[in-house]
2 protein chains.
Amino acid sequence: MTKPLILVTNDDGIVAPGIRALVEVAMEFGEVVVVAPDAPQSGKGHAITIHDPLRLNKVRVFSGIEAYECSGTPVDCVKLAKHVVLKDRNISLCLSGINHGSNASINIIYSGTLSAAMEASLENIPSIGFSLLDYSFDADFEPTQFWARKIIQYALDHPFPHGNLLNVNIPKLKLEQIKGFRMCRQAEARWIENFVEGRDPSGQPYYWLSGEFINQDLAEDTDVWALEHGYISVVPSMHDLTNYKALEAMQQINDLK
Amino acid sequence: MTKPLILVTNDDGIVAPGIRALVEVAMEFGEVVVVAPDAPQSGKGHAITIHDPLRLNKVRVFSGIEAYECSGTPVDCVKLAKHVVLKDRNISLCLSGINHGSNASINIIYSGTLSAAMEASLENIPSIGFSLLDYSFDADFEPTQFWARKIIQYALDHPFPHGNLLNVNIPKLKLEQIKGFRMCRQAEARWIENFVEGRDPSGQPYYWLSGEFINQDLAEDTDVWALEHGYISVVPSMHDLTNYKALEAMQQINDLK
């Protein structure tokens with residue numbers, strides 16, 4: 001049996017400690033190829049680069065691992081990995097992260113980490129995005145690595161539903177405090193923005209994004225609840241944004257003349 | 001009764017003909033405020049600007065209309081409109097577009113136009129993204145304007161479900177050829193990438209994104225089907241990406257130890 005081919009990417013950039021921790025785990029399971037941004041790309045969502053050329057350079061960052069830095073977004077990295085770097089090869093799994101900070105709930109739509117995983121899922125590559133609820137650069141990734149091994153093994157052993165990805169968030173806890181995985185839905189939460197207003201050195205006004213995460217969803221089947229109660233949240237996610245309830249409720253639109 | 005306040009944005013930039021066509025229609029229904037990117041932002045998906053300050057300048061682009069150009073992404077524009085420009089005011093409707101080109105099916109996740117509409121929907125502002133299936137800068141927006149009036153009136157008269165937006169795509173047809181609106185689900189389609197490889201003037205290699213849209217979904221209830229058959233597709237859309245079928249199917253993950 002050939003070893004599985006595992007693509008690793010992220011949005012914090014190829015030298016972030018989080019991707020190094022993920023590569024270390026991925027290496028235990030198969031052949032690893034890394035294609036990741038050459039600079040931080042947080043908050044890039046599902047952005048792609050249309051109007052500019054992309055750069056792709058082979059780099060030595062991880063010992064014994066084929067790795068490329070890319071000038072584009074996380075989604076660009078996955079597209080280049082699939083269609084240029086690993087052209088014609090069968091990718092068994094795509095792992096994205098480990099993100100420095102939460103991608104639970106609504107954060108999934110802003111997250112480059114999860115958008116990369118979604119792009120892989122569109123190519124029918126099973127994919128998992130990992131995020132640790134610790135924004136610090138020197139976060140402790142060991143508990144995440146411990147549990148990542150288990151879900152990577154699961155993903156290699158079980159076929160994923162078509163177009164499915166897993167959004168895995170890990171609470172900032174010691175290994176012995178983590179209660180295990182909990183399958184959840186995405187909590188209904190949002191950001192309340194509070195722009196910081198200032199003046200640049202030449203006196204021109206600027207606005208800098210700043211906000212507070214508000215969870216409006218107190219149910220116990222959500223990712224936010226799981227994380228607050230010591231679990232690792234696992235939200236199976238997908239790219240069909242159709243609001244099926246509204247589709248039924250708004251049929252009147254068909255009759256507008 | 002006070003006139004409704006309508007926010008207009010887009011991703012092709014504040015001077016694109018498509019947004020001008022949309023502003024012309026919106027003005028018939030209420031007070032219009034425009035906050036739109038100062039340059040084209042196609043393909044930016046749900047990207048937000050975290051690591052840089054944003055610029056916001058009041059500009060005279062549309063006669064008699066308050067308008068601002070913003071240095072950020074379409075989603076940044078909506079956040080600035082809601083929390084800075086129109087702070088404390090009740091926005092009745094957000095209109096995004098008219099996009100020069102299709103945002104049907106999977107294009108919704110790459111589209112700045114639709115991500116702007118989704119961001120508004122997260123703020124509980126009913127929102128509609130309009131896209132004309134004609135990429136040319138001098139496309140004929142009149143048929144789109146004719147039908148946009150009808151769905152804008154509907155949106156002002158009927159409350160939207162929570163967190164709902166409408167993804168409206170208009171076929172490139174003459175007014176008399178368009179059969180009307182058709183409520184649909186998002187077709188299961190994807191892009192097959194074919195990067196153009198080249199060398200820049202200094203001899204360095206580059207990769208430029210290029211691809212072909214492949215519809216894998218032949219059912220008659222999709223947006224792609226509607227557009228191919230002379231209808232305007234209307235897909236009610238939302239931000240909950242949870243794959244509920246997979247959530248049931250993958251409960252085994254709870255037992256991983």
# chains A, B, ... in the order shown; residues from 1 in each chain; ligands from 1
$ residues_around --residues "stretch 107-113 of chain B" --least-positions-apart "6" --cutoff "10 Å" --atoms "only C-alpha atoms" --output "PyMOL selection string"
(chain A and resi 45-48+75+109+115+118-119+239-241) or (chain B and resi 9-12+40-47+73-75+95-100+128-131+167+186+189-191+213+237)
$ select_by_dssp --residues "stretch 27-235 of chain B" --states "alpha helix (DSSP H)" --output "NGL selection string"
:B and (74-80 or 107-110 or 112-122 or 142-157 or 223-228)
$ write_last_selection --atoms "N, CA and C atoms" --output "compact mmCIF listing (two decimals), in the first residue's frame"
# COMPACT_ATOMS: atom_id res chain seq x y z
N PRO B 74 -14.97 44.55 -0.09
CA PRO B 74 -16.42 44.78 -0.01
C PRO B 74 -16.98 44.56 1.40
N VAL B 75 -16.50 43.53 2.11
CA VAL B 75 -16.99 43.30 3.48
C VAL B 75 -16.56 44.45 4.40
N ASP B 76 -15.33 44.94 4.24
CA ASP B 76 -14.90 46.13 5.00
C ASP B 76 -15.86 47.29 4.76
N CYS B 77 -16.26 47.47 3.50
CA CYS B 77 -17.17 48.59 3.15
C CYS B 77 -18.46 48.50 3.95
N VAL B 78 -19.02 47.30 4.05
CA VAL B 78 -20.29 47.14 4.77
C VAL B 78 -20.08 47.39 6.27
N LYS B 79 -18.97 46.90 6.81
CA LYS B 79 -18.69 47.12 8.23
C LYS B 79 -18.53 48.62 8.52
N LEU B 80 -17.79 49.31 7.66
CA LEU B 80 -17.61 50.75 7.85
C LEU B 80 -18.92 51.50 7.67
N ASN B 107 -19.79 30.25 -7.29
CA ASN B 107 -19.17 31.58 -7.35
C ASN B 107 -19.51 32.43 -6.13
N ILE B 108 -20.61 32.10 -5.46
CA ILE B 108 -20.99 32.91 -4.29
C ILE B 108 -19.88 32.94 -3.25
N ILE B 109 -19.11 31.87 -3.11
CA ILE B 109 -18.11 31.87 -2.03
C ILE B 109 -16.86 32.68 -2.39
N TYR B 110 -16.62 32.90 -3.68
CA TYR B 110 -15.45 33.70 -4.10
C TYR B 110 -15.81 35.18 -4.27
N GLY B 112 -16.88 38.96 -3.94
CA GLY B 112 -16.95 40.10 -3.04
C GLY B 112 -18.35 40.69 -3.00
N THR B 113 -19.02 40.71 -4.14
CA THR B 113 -20.38 41.25 -4.22
C THR B 113 -21.31 40.54 -3.25
N LEU B 114 -21.27 39.21 -3.29
CA LEU B 114 -22.18 38.46 -2.43
C LEU B 114 -21.71 38.44 -0.98
N SER B 115 -20.40 38.47 -0.77
CA SER B 115 -19.91 38.52 0.61
C SER B 115 -20.32 39.82 1.29
N ALA B 116 -20.33 40.91 0.53
CA ALA B 116 -20.82 42.18 1.08
C ALA B 116 -22.29 42.03 1.49
N ALA B 117 -23.09 41.41 0.62
CA ALA B 117 -24.50 41.21 0.94
C ALA B 117 -24.64 40.30 2.17
N MET B 118 -23.79 39.28 2.26
CA MET B 118 -23.87 38.40 3.43
C MET B 118 -23.49 39.14 4.71
N GLU B 119 -22.47 39.99 4.63
CA GLU B 119 -22.08 40.75 5.82
C GLU B 119 -23.25 41.61 6.30
N ALA B 120 -23.96 42.21 5.37
CA ALA B 120 -25.14 43.00 5.76
C ALA B 120 -26.18 42.10 6.41
N SER B 121 -26.37 40.91 5.86
CA SER B 121 -27.38 40.00 6.42
C SER B 121 -27.01 39.58 7.85
N LEU B 122 -25.71 39.51 8.14
CA LEU B 122 -25.26 39.20 9.50
C LEU B 122 -25.66 40.30 10.48
N GLU B 142 -30.03 47.66 -18.56
CA GLU B 142 -31.45 48.03 -18.51
C GLU B 142 -32.38 46.89 -18.12
N PRO B 143 -32.22 45.70 -18.73
CA PRO B 143 -33.10 44.60 -18.28
C PRO B 143 -32.93 44.29 -16.79
N THR B 144 -31.70 44.36 -16.31
CA THR B 144 -31.45 44.12 -14.88
C THR B 144 -32.14 45.18 -14.04
N GLN B 145 -32.06 46.44 -14.47
CA GLN B 145 -32.72 47.51 -13.72
C GLN B 145 -34.23 47.29 -13.66
N PHE B 146 -34.81 46.87 -14.79
CA PHE B 146 -36.25 46.65 -14.85
C PHE B 146 -36.69 45.62 -13.79
N TRP B 147 -35.98 44.51 -13.71
CA TRP B 147 -36.35 43.44 -12.77
C TRP B 147 -35.88 43.73 -11.35
N ALA B 148 -34.79 44.48 -11.22
CA ALA B 148 -34.31 44.85 -9.88
C ALA B 148 -35.38 45.66 -9.14
N ARG B 149 -36.05 46.55 -9.87
CA ARG B 149 -37.13 47.35 -9.25
C ARG B 149 -38.15 46.45 -8.55
N LYS B 150 -38.50 45.36 -9.20
CA LYS B 150 -39.57 44.49 -8.67
C LYS B 150 -39.11 43.77 -7.40
N ILE B 151 -37.89 43.29 -7.39
CA ILE B 151 -37.45 42.52 -6.22
C ILE B 151 -37.06 43.46 -5.07
N ILE B 152 -36.63 44.67 -5.39
CA ILE B 152 -36.38 45.67 -4.34
C ILE B 152 -37.70 46.03 -3.65
N GLN B 153 -38.73 46.24 -4.46
CA GLN B 153 -40.04 46.54 -3.88
C GLN B 153 -40.50 45.39 -2.97
N TYR B 154 -40.32 44.16 -3.45
CA TYR B 154 -40.67 42.98 -2.64
C TYR B 154 -39.90 42.99 -1.31
N ALA B 155 -38.60 43.26 -1.39
CA ALA B 155 -37.76 43.23 -0.19
C ALA B 155 -38.17 44.31 0.81
N LEU B 156 -38.61 45.45 0.30
CA LEU B 156 -39.03 46.52 1.22
C LEU B 156 -40.39 46.21 1.83
N ASP B 157 -41.19 45.40 1.15
CA ASP B 157 -42.55 45.10 1.63
C ASP B 157 -42.63 43.86 2.52
N ASP B 223 -29.81 27.27 -9.82
CA ASP B 223 -29.62 28.58 -10.45
C ASP B 223 -29.03 28.45 -11.86
N VAL B 224 -28.12 27.51 -12.04
CA VAL B 224 -27.51 27.37 -13.36
C VAL B 224 -28.58 26.97 -14.39
N TRP B 225 -29.46 26.04 -14.01
CA TRP B 225 -30.54 25.63 -14.92
C TRP B 225 -31.42 26.83 -15.26
N ALA B 226 -31.81 27.58 -14.24
CA ALA B 226 -32.71 28.73 -14.46
C ALA B 226 -32.09 29.71 -15.45
N LEU B 227 -30.81 30.03 -15.24
CA LEU B 227 -30.14 31.01 -16.10
C LEU B 227 -30.03 30.51 -17.54
N GLU B 228 -29.79 29.20 -17.70
CA GLU B 228 -29.69 28.63 -19.05
C GLU B 228 -31.04 28.57 -19.75
$ residues_around --residues "A:Phe29" --least-positions-apart "4" --cutoff "8 Å" --atoms "only C-alpha atoms" --output "number ranges by chain"
A: 3-4, 25, 153
$ write_last_selection --atoms "C-alpha atoms" --output "mmCIF file, in the first residue's frame"
data_model
loop_
_atom_site.group_PDB
_atom_site.id
_atom_site.type_symbol
_atom_site.label_atom_id
_atom_site.label_comp_id
_atom_site.auth_asym_id
_atom_site.auth_seq_id
_atom_site.Cartn_x
_atom_site.Cartn_y
_atom_site.Cartn_z
ATOM 1 C CA LYS A 3 1.563 6.034 1.852
ATOM 2 C CA PRO A 4 -1.211 8.654 1.848
ATOM 3 C CA VAL A 25 1.857 15.275 13.199
ATOM 4 C CA GLN A 153 -6.466 8.700 11.644
#
$ residues_around --residues "B:Asn243" --least-positions-apart "6" --cutoff "8 Å" --atoms "only C-alpha atoms" --output "PyMOL selection string"
chain A and resi 164+235-238
$ residues_around --residues "stretch 192-200 of chain B" --least-positions-apart "6" --cutoff "8 Å" --atoms "only C-alpha atoms" --output "list in words"
Lys79, Leu80, His83 and Val84 of chain A; Tyr206, Tyr207, Trp208, Leu209, Ser210, Gly211, Glu212, Phe213 and Ile214 of chain B
$ closest_residue --among "B:Leu54, B:Ala67, B:Leu173, B:Ile91" --to "B:Asp134" --atoms "only C-alpha atoms"
B:Leu173
$ select_by_dssp --residues "stretch 77-187 of chain B" --states "strand (DSSP E or B)" --output "VMD selection string"
chain B and resid 93 to 100 127 to 132 165 to 170 181 to 183 185
$ write_last_selection --atoms "N, CA and C atoms" --output "PDB file, in the first residue's frame"
ATOM      1  N   LEU B  93     -32.232  48.281   3.770  1.00  0.00           N
ATOM      2  CA  LEU B  93     -31.884  47.335   2.726  1.00  0.00           C
ATOM      3  C   LEU B  93     -30.443  47.584   2.289  1.00  0.00           C
ATOM      4  N   CYS B  94     -29.734  46.499   1.988  1.00  0.00           N
ATOM      5  CA  CYS B  94     -28.405  46.628   1.387  1.00  0.00           C
ATOM      6  C   CYS B  94     -28.450  45.996  -0.002  1.00  0.00           C
ATOM      7  N   LEU B  95     -27.999  46.753  -0.994  1.00  0.00           N
ATOM      8  CA  LEU B  95     -27.939  46.237  -2.368  1.00  0.00           C
ATOM      9  C   LEU B  95     -26.476  46.194  -2.801  1.00  0.00           C
ATOM     10  N   SER B  96     -26.058  45.081  -3.383  1.00  0.00           N
ATOM     11  CA  SER B  96     -24.661  44.940  -3.798  1.00  0.00           C
ATOM     12  C   SER B  96     -24.619  44.580  -5.276  1.00  0.00           C
ATOM     13  N   GLY B  97     -23.763  45.287  -6.010  1.00  0.00           N
ATOM     14  CA  GLY B  97     -23.642  45.027  -7.450  1.00  0.00           C
ATOM     15  C   GLY B  97     -23.850  46.310  -8.235  1.00  0.00           C
ATOM     16  N   ILE B  98     -24.368  46.253  -9.408  1.00  0.00           N
ATOM     17  CA  ILE B  98     -24.619  45.057 -10.193  1.00  0.00           C
ATOM     18  C   ILE B  98     -23.268  44.511 -10.633  1.00  0.00           C
ATOM     19  N   ASN B  99     -22.987  43.263 -10.279  1.00  0.00           N
ATOM     20  CA  ASN B  99     -21.689  42.699 -10.626  1.00  0.00           C
ATOM     21  C   ASN B  99     -21.584  42.475 -12.128  1.00  0.00           C
ATOM     22  N   HIS B 100     -20.391  42.763 -12.641  1.00  0.00           N
ATOM     23  CA  HIS B 100     -20.103  42.478 -14.051  1.00  0.00           C
ATOM     24  C   HIS B 100     -19.655  41.023 -14.156  1.00  0.00           C
ATOM     25  N   SER B 127     -30.710  41.905   2.443  1.00  0.00           N
ATOM     26  CA  SER B 127     -29.753  42.306   1.416  1.00  0.00           C
ATOM     27  C   SER B 127     -29.893  41.470   0.165  1.00  0.00           C
ATOM     28  N   ILE B 128     -29.539  42.090  -0.948  1.00  0.00           N
ATOM     29  CA  ILE B 128     -29.646  41.450  -2.257  1.00  0.00           C
ATOM     30  C   ILE B 128     -28.367  41.731  -3.032  1.00  0.00           C
ATOM     31  N   GLY B 129     -27.767  40.686  -3.572  1.00  0.00           N
ATOM     32  CA  GLY B 129     -26.635  40.834  -4.486  1.00  0.00           C
ATOM     33  C   GLY B 129     -27.121  40.609  -5.911  1.00  0.00           C
ATOM     34  N   PHE B 130     -26.789  41.541  -6.810  1.00  0.00           N
ATOM     35  CA  PHE B 130     -27.191  41.427  -8.216  1.00  0.00           C
ATOM     36  C   PHE B 130     -25.959  41.193  -9.091  1.00  0.00           C
ATOM     37  N   SER B 131     -26.069  40.253 -10.007  1.00  0.00           N
ATOM     38  CA  SER B 131     -24.970  39.979 -10.938  1.00  0.00           C
ATOM     39  C   SER B 131     -25.547  39.731 -12.324  1.00  0.00           C
ATOM     40  N   LEU B 132     -24.953  40.392 -13.314  1.00  0.00           N
ATOM     41  CA  LEU B 132     -25.366  40.212 -14.711  1.00  0.00           C
ATOM     42  C   LEU B 132     -24.351  39.316 -15.409  1.00  0.00           C
ATOM     43  N   LEU B 165     -29.936  36.424   2.759  1.00  0.00           N
ATOM     44  CA  LEU B 165     -29.683  37.328   1.640  1.00  0.00           C
ATOM     45  C   LEU B 165     -30.170  36.654   0.372  1.00  0.00           C
ATOM     46  N   LEU B 166     -30.365  37.452  -0.676  1.00  0.00           N
ATOM     47  CA  LEU B 166     -30.777  36.885  -1.966  1.00  0.00           C
ATOM     48  C   LEU B 166     -29.633  37.039  -2.964  1.00  0.00           C
ATOM     49  N   ASN B 167     -29.270  35.928  -3.599  1.00  0.00           N
ATOM     50  CA  ASN B 167     -28.275  35.947  -4.663  1.00  0.00           C
ATOM     51  C   ASN B 167     -29.016  35.934  -5.998  1.00  0.00           C
ATOM     52  N   VAL B 168     -29.065  37.122  -6.640  1.00  0.00           N
ATOM     53  CA  VAL B 168     -29.846  37.290  -7.867  1.00  0.00           C
ATOM     54  C   VAL B 168     -28.893  37.378  -9.061  1.00  0.00           C
ATOM     55  N   ASN B 169     -29.027  36.459  -9.999  1.00  0.00           N
ATOM     56  CA  ASN B 169     -28.238  36.494 -11.233  1.00  0.00           C
ATOM     57  C   ASN B 169     -29.164  36.681 -12.421  1.00  0.00           C
ATOM     58  N   ILE B 170     -28.720  37.528 -13.350  1.00  0.00           N
ATOM     59  CA  ILE B 170     -29.562  37.891 -14.495  1.00  0.00           C
ATOM     60  C   ILE B 170     -28.879  37.403 -15.769  1.00  0.00           C
ATOM     61  N   PHE B 181     -38.545  35.770 -12.571  1.00  0.00           N
ATOM     62  CA  PHE B 181     -37.726  35.243 -11.479  1.00  0.00           C
ATOM     63  C   PHE B 181     -37.960  33.749 -11.297  1.00  0.00           C
ATOM     64  N   ARG B 182     -36.944  33.052 -10.828  1.00  0.00           N
ATOM     65  CA  ARG B 182     -37.100  31.647 -10.465  1.00  0.00           C
ATOM     66  C   ARG B 182     -36.300  31.384  -9.186  1.00  0.00           C
ATOM     67  N   MET B 183     -37.012  31.038  -8.122  1.00  0.00           N
ATOM     68  CA  MET B 183     -36.374  30.700  -6.850  1.00  0.00           C
ATOM     69  C   MET B 183     -35.669  29.360  -6.996  1.00  0.00           C
ATOM     70  N   ARG B 185     -32.088  26.618  -5.748  1.00  0.00           N
ATOM     71  CA  ARG B 185     -30.956  26.320  -4.882  1.00  0.00           C
ATOM     72  C   ARG B 185     -29.665  26.526  -5.684  1.00  0.00           C
TER      73      ARG B 185
END
$ atom_distance --atom1 "atom CA of A:Ser92" --atom2 "atom CA of B:Lys245"
22.0 Å
$ atom_distance --atom1 "atom CA of B:Ala246" --atom2 "atom CA of A:Leu7"
22.5 Å
$ atom_distance --atom1 "atom CA of B:Val32" --atom2 "atom CA of B:Leu86"
11.2 Å
$ closest_residue --among "A:Thr242, A:Ser136, A:Gln177, A:Ser71" --to "chain B" --atoms "only C-alpha atoms"
A:Thr242
